[in-house]
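Heads up, the thing below is written out as structure tokens.
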Amino acid sequence: MVTQGVKPGQIQMYQSGYNAQSGDLVSSKILTFGGPEAGALYNGTLIVANGATGAFRLPGFKPDPYGAMCNREYQEAGGPKYSAVDPETNSAYGATTGMCTFIRTIARAAEAAGPNPTREDLAAAMEGLGALAVGEEPLSFGPGKYTAPNQLYEMKFHYPCDPDKIPFDGMCIIPEGDAFPIPTAG
């Protein structure tokens with residue numbers, strides 16, 4: 001878009017969590033591949049996703065005890081040490097928490113499906129899991145509900161990022177307000 005002459009503010013941009021676009025690591029590639037002009041074009045982009053990317057940049061941030069437990073278990077098993085408040089390892093910290101949640105969820109479904117489950121048994125078990133106890137973010141599965149998140153966050157892409165907000169390669173994503181429930185079909 002920059003090479004075609006689009007100027008900042010001409011288009012309201014939106015991103016989602018699809019392909020991790022809502023994370024600092026992936027969003028920073030806008031600058032890596034597009035340079036400062038692309039960063040300026042994306043400045044103010046509205047991001048809607050289930051994770052609160054950049055929450056560690058807000059005053060009073062405290063890591064979720066569940067994420068801390070997942071990362072501690074990973075480290076005790078020989079994995080590297082990641083920190084929720086370090087922009088260099090924050091993405092890996094979140095990915096570790098996500099994989100921990102994924103494995104725990106699959107284990108619960110496999111246990112609920114019984115011995116020698118079929119694909120149908122596993123799918124039915126996932127739908128029957130209900131609410132998941134995985135930290136502060138409410139997650140659940142149910143009949144017709146095939147994704148776990150129950151809430152979304154609105155965030156904004158900032159470029160350049162204020163130095164006091166702990167930039168990631170010059171940019172940052174910061175949550176705008178509290179989580180809101182995922183709208184359901186009427």
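Labels for the structure tokens follow display order: chains A, B, ..., residues from 1 in each chain, ligands from 1.
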* Shell around Lys81 (chain A) at 9 Å using only C-alpha atoms, local window under 2 positions removed, as a list in words -> Asn71, Arg72, Tyr74, Gln75, Gly79, Ser83, Thr89 and Tyr93 of chain A
Can I get the selection written as an mmCIF file, in the first residue's frame, with N, CA and C atoms?
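Written file, out.cif:
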data_model
loop_
_atom_site.group_PDB
_atom_site.id
_atom_site.type_symbol
_atom_site.label_atom_id
_atom_site.label_comp_id
_atom_site.auth_asym_id
_atom_site.auth_seq_id
_atom_site.Cartn_x
_atom_site.Cartn_y
_atom_site.Cartn_z
ATOM 1 N N ASN A 71 4.739 -21.821 32.423
ATOM 2 C CA ASN A 71 6.129 -21.516 32.100
ATOM 3 C C ASN A 71 7.093 -22.128 33.097
ATOM 4 N N ARG A 72 6.730 -22.164 34.368
ATOM 5 C CA ARG A 72 7.574 -22.796 35.385
ATOM 6 C C ARG A 72 7.732 -24.287 35.083
ATOM 7 N N TYR A 74 7.452 -25.791 32.225
ATOM 8 C CA TYR A 74 8.265 -25.918 31.013
ATOM 9 C C TYR A 74 9.750 -25.756 31.352
ATOM 10 N N GLN A 75 10.056 -24.761 32.169
ATOM 11 C CA GLN A 75 11.448 -24.521 32.561
ATOM 12 C C GLN A 75 12.001 -25.684 33.377
ATOM 13 N N GLY A 79 13.149 -26.485 29.532
ATOM 14 C CA GLY A 79 12.918 -25.412 28.562
ATOM 15 C C GLY A 79 13.564 -24.112 28.997
ATOM 16 N N SER A 83 9.855 -14.600 30.188
ATOM 17 C CA SER A 83 9.250 -13.673 31.142
ATOM 18 C C SER A 83 8.055 -12.968 30.499
ATOM 19 N N THR A 89 11.152 -11.910 25.325
ATOM 20 C CA THR A 89 10.688 -13.290 25.542
ATOM 21 C C THR A 89 9.194 -13.382 25.810
ATOM 22 N N TYR A 93 6.761 -16.620 26.017
ATOM 23 C CA TYR A 93 6.031 -16.871 27.262
ATOM 24 C C TYR A 93 4.564 -17.168 26.946
#
* Write out as a PyMOL selection string each polymer residue whose atoms come within 8 Å of Gly177 (chain A), counting only C-alpha atoms; drop sequence neighbours fewer than 2 positions from it. => chain A and resi 153-154+175+179
Write out, as a short mmCIF file (atom, residue, chain, number, x, y, z; two decimals), in the first residue's frame, the residues just selected, with C-alpha atoms.
data_model
loop_
_atom_site.label_atom_id
_atom_site.label_comp_id
_atom_site.auth_asym_id
_atom_site.auth_seq_id
_atom_site.Cartn_x
_atom_site.Cartn_y
_atom_site.Cartn_z
CA TYR A 153 -9.84 -7.48 23.52
CA GLU A 154 -9.50 -4.34 21.45
CA PRO A 175 -4.88 -3.03 24.94
CA ALA A 179 -12.23 -7.55 27.64
#
* Shell of 12 Å around Ala123 (chain A), only C-alpha atoms, local chain residues under 5 positions omitted, as a list of chain:residue names ->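 So the residues in contact are A:Ile106, A:Arg108, A:Ala109, A:Ala110, A:Ala112, A:Ala113, A:Pro117, A:Thr118, A:Gly128, A:Leu129, A:Phe141, A:Gly142, A:Pro143, A:Gly144, A:Lys145, A:Tyr146.
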* Asked: With only C-alpha atoms as the basis for distance, which of A:Arg119, A:Thr101, A:Asp64, A:Asp164 is at the shortest distance from Ser140 (chain A)?
  ->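 The closest residue to Ser140 (chain A) is A:Thr101.
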Residue contacts of Gln4 (chain A) (12 Å, only C-alpha atoms) excluding same-chain residues fewer than 3 positions away, as a tab-separated table (two decimals) with N, CA and C atoms, in the first residue's frame:
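The resulting around.tsv:
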chain	number	residue	atom	x	y	z
A	1	MET	N	0.83	-1.19	0.00
A	1	MET	CA	0.00	0.00	0.00
A	1	MET	C	0.87	1.25	0.00
A	7	LYS	N	-1.60	6.88	2.14
A	7	LYS	CA	-1.05	7.69	3.22
A	7	LYS	C	-1.69	7.31	4.55
A	37	GLU	N	7.78	3.70	6.78
A	37	GLU	CA	6.59	4.17	6.08
A	37	GLU	C	5.41	3.23	6.32
A	38	ALA	N	5.67	1.92	6.30
A	38	ALA	CA	4.61	0.95	6.57
A	38	ALA	C	4.19	1.04	8.03
A	41	LEU	N	1.89	3.86	8.32
A	41	LEU	CA	0.60	3.52	7.71
A	41	LEU	C	-0.25	2.67	8.66
* Structure fact -> With distances taken over only C-alpha atoms, the candidate from A:Phe33, A:Met126, A:Gln10, A:Ile166 nearest Thr147 (chain A) is A:Met126
* **Nearest candidate to Gln12 (chain A) (options A:Thr32, A:Thr53, A:Asn43, A:Ser27; using only C-alpha atoms)** => A:Asn43
* Asked: Counting only C-alpha atoms, what is within 12 Å of Asp24 (chain A), bar same-chain residues fewer than 3 positions away, as a PyMOL selection string?
  -> chain A and resi 17+20-21+27-31+47+51-57+86-92+94+155-159+161+166-174
* To do: Using only C-alpha atoms, pick whichever of A:Pro181, A:Gly9, A:Gly130, A:Gly114 has the shortest atom-to-atom distance to Thr45 (chain A).
  => A:Gly9
* Report the distance between CA of Leu139 (chain A) and CA of Leu152 (chain A) in Å, rounded to one decimal place. => 11.1 Å
* To do: Using DSSP on the backbone, list every residue of chain A that comes out as helix (DSSP H, G or I), and give them as number ranges by chain.
  => A: 18-20, 24-27, 29-42, 55-57, 65-76, 90-113, 119-127, 163-165
Next, dump the selected residues to file, keeping only C-alpha atoms, as a PDB file, in the first residue's frame.
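result06.pdb, freshly written:
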ATOM      1  CA  TYR A  18      -5.403 -15.016  12.783  1.00  0.00           C
ATOM      2  CA  ASN A  19      -1.874 -16.274  12.079  1.00  0.00           C
ATOM      3  CA  ALA A  20      -0.752 -14.490  15.274  1.00  0.00           C
ATOM      4  CA  ASP A  24       4.150  -8.127  18.804  1.00  0.00           C
ATOM      5  CA  LEU A  25       6.441 -10.620  17.074  1.00  0.00           C
ATOM      6  CA  VAL A  26       4.320 -11.035  13.936  1.00  0.00           C
ATOM      7  CA  SER A  27       3.101  -7.417  13.797  1.00  0.00           C
ATOM      8  CA  LYS A  29       7.287  -7.723  10.593  1.00  0.00           C
ATOM      9  CA  ILE A  30       5.319  -4.782   9.163  1.00  0.00           C
ATOM     10  CA  LEU A  31       8.378  -2.672   9.991  1.00  0.00           C
ATOM     11  CA  THR A  32      10.912  -5.362   9.168  1.00  0.00           C
ATOM     12  CA  PHE A  33       9.613  -5.775   5.628  1.00  0.00           C
ATOM     13  CA  GLY A  34       7.887  -2.436   5.002  1.00  0.00           C
ATOM     14  CA  GLY A  35      10.078   0.012   6.884  1.00  0.00           C
ATOM     15  CA  PRO A  36       9.056   3.141   8.795  1.00  0.00           C
ATOM     16  CA  GLU A  37       6.588   4.166   6.075  1.00  0.00           C
ATOM     17  CA  ALA A  38       4.611   0.949   6.573  1.00  0.00           C
ATOM     18  CA  GLY A  39       4.822   1.421  10.356  1.00  0.00           C
ATOM     19  CA  ALA A  40       3.332   4.913   9.984  1.00  0.00           C
ATOM     20  CA  LEU A  41       0.601   3.521   7.705  1.00  0.00           C
ATOM     21  CA  TYR A  42      -0.320   0.859  10.275  1.00  0.00           C
ATOM     22  CA  ALA A  55      -0.948  -5.881  28.689  1.00  0.00           C
ATOM     23  CA  PHE A  56       2.491  -6.074  30.319  1.00  0.00           C
ATOM     24  CA  ARG A  57       3.006  -2.486  29.144  1.00  0.00           C
ATOM     25  CA  PRO A  65      -0.722 -17.368  37.919  1.00  0.00           C
ATOM     26  CA  TYR A  66      -1.775 -19.991  35.353  1.00  0.00           C
ATOM     27  CA  GLY A  67       0.672 -18.662  32.726  1.00  0.00           C
ATOM     28  CA  ALA A  68       3.378 -18.526  35.385  1.00  0.00           C
ATOM     29  CA  MET A  69       2.652 -22.171  36.293  1.00  0.00           C
ATOM     30  CA  CYS A  70       2.817 -23.289  32.646  1.00  0.00           C
ATOM     31  CA  ASN A  71       6.129 -21.516  32.100  1.00  0.00           C
ATOM     32  CA  ARG A  72       7.574 -22.796  35.385  1.00  0.00           C
ATOM     33  CA  GLU A  73       6.671 -26.395  34.444  1.00  0.00           C
ATOM     34  CA  TYR A  74       8.265 -25.918  31.013  1.00  0.00           C
ATOM     35  CA  GLN A  75      11.448 -24.521  32.561  1.00  0.00           C
ATOM     36  CA  GLU A  76      11.649 -27.336  35.115  1.00  0.00           C
ATOM     37  CA  ASN A  90       7.068 -12.222  26.076  1.00  0.00           C
ATOM     38  CA  SER A  91       5.884 -13.847  22.835  1.00  0.00           C
ATOM     39  CA  ALA A  92       7.541 -17.150  23.764  1.00  0.00           C
ATOM     40  CA  TYR A  93       6.031 -16.871  27.262  1.00  0.00           C
ATOM     41  CA  GLY A  94       2.569 -16.531  25.723  1.00  0.00           C
ATOM     42  CA  ALA A  95       3.204 -19.343  23.241  1.00  0.00           C
ATOM     43  CA  THR A  96       4.283 -21.616  26.087  1.00  0.00           C
ATOM     44  CA  THR A  97       1.097 -20.786  27.979  1.00  0.00           C
ATOM     45  CA  GLY A  98      -0.956 -21.433  24.847  1.00  0.00           C
ATOM     46  CA  MET A  99       0.660 -24.825  24.213  1.00  0.00           C
ATOM     47  CA  CYS A 100       0.194 -25.730  27.869  1.00  0.00           C
ATOM     48  CA  THR A 101      -3.516 -24.912  27.544  1.00  0.00           C
ATOM     49  CA  PHE A 102      -3.783 -26.854  24.286  1.00  0.00           C
ATOM     50  CA  ILE A 103      -2.147 -29.972  25.752  1.00  0.00           C
ATOM     51  CA  ARG A 104      -4.206 -29.814  28.950  1.00  0.00           C
ATOM     52  CA  THR A 105      -7.416 -29.401  26.921  1.00  0.00           C
ATOM     53  CA  ILE A 106      -6.623 -32.308  24.596  1.00  0.00           C
ATOM     54  CA  ALA A 107      -5.730 -34.483  27.615  1.00  0.00           C
ATOM     55  CA  ARG A 108      -9.095 -33.681  29.237  1.00  0.00           C
ATOM     56  CA  ALA A 109     -10.945 -34.510  26.013  1.00  0.00           C
ATOM     57  CA  ALA A 110      -9.009 -37.768  25.508  1.00  0.00           C
ATOM     58  CA  GLU A 111      -9.770 -38.806  29.079  1.00  0.00           C
ATOM     59  CA  ALA A 112     -13.458 -37.923  28.686  1.00  0.00           C
ATOM     60  CA  ALA A 113     -13.670 -39.801  25.363  1.00  0.00           C
ATOM     61  CA  ARG A 119     -12.652 -39.135  16.001  1.00  0.00           C
ATOM     62  CA  GLU A 120     -16.353 -38.721  16.723  1.00  0.00           C
ATOM     63  CA  ASP A 121     -15.777 -39.645  20.383  1.00  0.00           C
ATOM     64  CA  LEU A 122     -13.055 -37.009  20.682  1.00  0.00           C
ATOM     65  CA  ALA A 123     -15.213 -34.347  18.994  1.00  0.00           C
ATOM     66  CA  ALA A 124     -18.125 -35.126  21.318  1.00  0.00           C
ATOM     67  CA  ALA A 125     -15.796 -35.042  24.324  1.00  0.00           C
ATOM     68  CA  MET A 126     -14.487 -31.590  23.285  1.00  0.00           C
ATOM     69  CA  GLU A 127     -18.050 -30.264  23.013  1.00  0.00           C
ATOM     70  CA  PRO A 163      10.011   4.313  24.851  1.00  0.00           C
ATOM     71  CA  ASP A 164       8.261   4.078  28.241  1.00  0.00           C
ATOM     72  CA  LYS A 165       5.861   1.490  26.729  1.00  0.00           C
TER      73      LYS A 165
END
* All strand (DSSP E or B) positions in chain A, as number ranges by chain -> A: 14-16, 46-49, 130-132, 139-142, 145, 149, 151-158, 168, 171-175, 180-181
Could you write out the selected residues, including N, CA and C atoms, as an mmCIF file, in the first residue's frame?
data_model
loop_
_atom_site.group_PDB
_atom_site.id
_atom_site.type_symbol
_atom_site.label_atom_id
_atom_site.label_comp_id
_atom_site.auth_asym_id
_atom_site.auth_seq_id
_atom_site.Cartn_x
_atom_site.Cartn_y
_atom_site.Cartn_z
ATOM 1 N N TYR A 14 -7.614 -3.050 10.175
ATOM 2 C CA TYR A 14 -8.030 -3.977 11.220
ATOM 3 C C TYR A 14 -7.174 -5.235 11.133
ATOM 4 N N GLN A 15 -6.858 -5.803 12.266
ATOM 5 C CA GLN A 15 -6.147 -7.072 12.345
ATOM 6 C C GLN A 15 -6.866 -7.945 13.355
ATOM 7 N N SER A 16 -6.593 -9.225 13.278
ATOM 8 C CA SER A 16 -7.164 -10.176 14.228
ATOM 9 C C SER A 16 -6.038 -11.043 14.781
ATOM 10 N N LEU A 46 -6.596 -1.011 14.435
ATOM 11 C CA LEU A 46 -7.416 -1.642 15.463
ATOM 12 C C LEU A 46 -7.226 -3.151 15.365
ATOM 13 N N ILE A 47 -6.939 -3.771 16.480
ATOM 14 C CA ILE A 47 -6.726 -5.212 16.554
ATOM 15 C C ILE A 47 -7.763 -5.784 17.510
ATOM 16 N N VAL A 48 -8.471 -6.811 17.067
ATOM 17 C CA VAL A 48 -9.446 -7.488 17.913
ATOM 18 C C VAL A 48 -9.049 -8.961 17.967
ATOM 19 N N ALA A 49 -8.766 -9.443 19.163
ATOM 20 C CA ALA A 49 -8.332 -10.826 19.339
ATOM 21 C C ALA A 49 -8.599 -11.260 20.774
ATOM 22 N N GLY A 130 -17.152 -28.066 28.498
ATOM 23 C CA GLY A 130 -17.671 -26.924 29.260
ATOM 24 C C GLY A 130 -16.572 -25.928 29.569
ATOM 25 N N ALA A 131 -16.659 -25.283 30.743
ATOM 26 C CA ALA A 131 -15.682 -24.274 31.140
ATOM 27 C C ALA A 131 -14.356 -24.941 31.483
ATOM 28 N N LEU A 132 -13.268 -24.261 31.118
ATOM 29 C CA LEU A 132 -11.931 -24.763 31.398
ATOM 30 C C LEU A 132 -11.274 -23.905 32.471
ATOM 31 N N LEU A 139 -12.562 -19.568 29.294
ATOM 32 C CA LEU A 139 -12.571 -20.406 28.100
ATOM 33 C C LEU A 139 -13.609 -21.496 28.280
ATOM 34 N N SER A 140 -14.241 -21.900 27.186
ATOM 35 C CA SER A 140 -15.189 -23.005 27.280
ATOM 36 C C SER A 140 -15.459 -23.593 25.903
ATOM 37 N N PHE A 141 -15.897 -24.851 25.922
ATOM 38 C CA PHE A 141 -16.404 -25.539 24.742
ATOM 39 C C PHE A 141 -17.818 -25.977 25.070
ATOM 40 N N GLY A 142 -18.609 -26.192 24.056
ATOM 41 C CA GLY A 142 -19.971 -26.670 24.253
ATOM 42 C C GLY A 142 -20.565 -27.058 22.914
ATOM 43 N N LYS A 145 -20.051 -24.859 19.945
ATOM 44 C CA LYS A 145 -18.999 -23.881 20.279
ATOM 45 C C LYS A 145 -17.662 -24.599 20.178
ATOM 46 N N PRO A 149 -12.136 -19.430 23.384
ATOM 47 C CA PRO A 149 -12.276 -18.102 23.994
ATOM 48 C C PRO A 149 -13.732 -17.663 24.170
ATOM 49 N N GLN A 151 -14.090 -14.306 25.298
ATOM 50 C CA GLN A 151 -13.982 -12.852 25.319
ATOM 51 C C GLN A 151 -12.940 -12.388 24.306
ATOM 52 N N LEU A 152 -13.026 -11.098 23.978
ATOM 53 C CA LEU A 152 -12.092 -10.479 23.052
ATOM 54 C C LEU A 152 -11.542 -9.195 23.673
ATOM 55 N N TYR A 153 -10.441 -8.748 23.123
ATOM 56 C CA TYR A 153 -9.840 -7.477 23.525
ATOM 57 C C TYR A 153 -9.707 -6.597 22.290
ATOM 58 N N GLU A 154 -9.823 -5.312 22.500
ATOM 59 C CA GLU A 154 -9.504 -4.342 21.453
ATOM 60 C C GLU A 154 -8.143 -3.767 21.804
ATOM 61 N N MET A 155 -7.273 -3.774 20.823
ATOM 62 C CA MET A 155 -5.917 -3.257 21.011
ATOM 63 C C MET A 155 -5.575 -2.334 19.854
ATOM 64 N N LYS A 156 -4.513 -1.564 20.018
ATOM 65 C CA LYS A 156 -4.057 -0.690 18.932
ATOM 66 C C LYS A 156 -2.570 -0.891 18.689
ATOM 67 N N PHE A 157 -2.236 -0.823 17.400
ATOM 68 C CA PHE A 157 -0.858 -0.876 16.935
ATOM 69 C C PHE A 157 -0.294 0.541 17.035
ATOM 70 N N HIS A 158 0.842 0.685 17.693
ATOM 71 C CA HIS A 158 1.467 2.001 17.858
ATOM 72 C C HIS A 158 2.841 2.017 17.193
ATOM 73 N N PHE A 168 8.775 -3.083 20.864
ATOM 74 C CA PHE A 168 9.281 -4.313 20.261
ATOM 75 C C PHE A 168 9.660 -3.939 18.834
ATOM 76 N N MET A 171 7.847 -0.804 17.520
ATOM 77 C CA MET A 171 6.379 -0.710 17.574
ATOM 78 C C MET A 171 5.889 -1.357 18.863
ATOM 79 N N CYS A 172 4.616 -1.202 19.129
ATOM 80 C CA CYS A 172 4.016 -1.916 20.256
ATOM 81 C C CYS A 172 2.509 -2.011 20.053
ATOM 82 N N ILE A 173 1.951 -3.009 20.693
ATOM 83 C CA ILE A 173 0.499 -3.199 20.715
ATOM 84 C C ILE A 173 0.063 -2.994 22.155
ATOM 85 N N ILE A 174 -0.992 -2.222 22.330
ATOM 86 C CA ILE A 174 -1.454 -1.904 23.681
ATOM 87 C C ILE A 174 -2.965 -2.105 23.758
ATOM 88 N N PRO A 175 -3.436 -2.855 24.770
ATOM 89 C CA PRO A 175 -4.884 -3.031 24.942
ATOM 90 C C PRO A 175 -5.576 -1.702 25.209
ATOM 91 N N PHE A 180 -14.272 -7.874 26.369
ATOM 92 C CA PHE A 180 -15.732 -7.876 26.172
ATOM 93 C C PHE A 180 -16.137 -9.245 25.645
ATOM 94 N N PRO A 181 -17.383 -9.668 25.930
ATOM 95 C CA PRO A 181 -17.802 -11.008 25.511
ATOM 96 C C PRO A 181 -17.864 -11.137 23.995
#
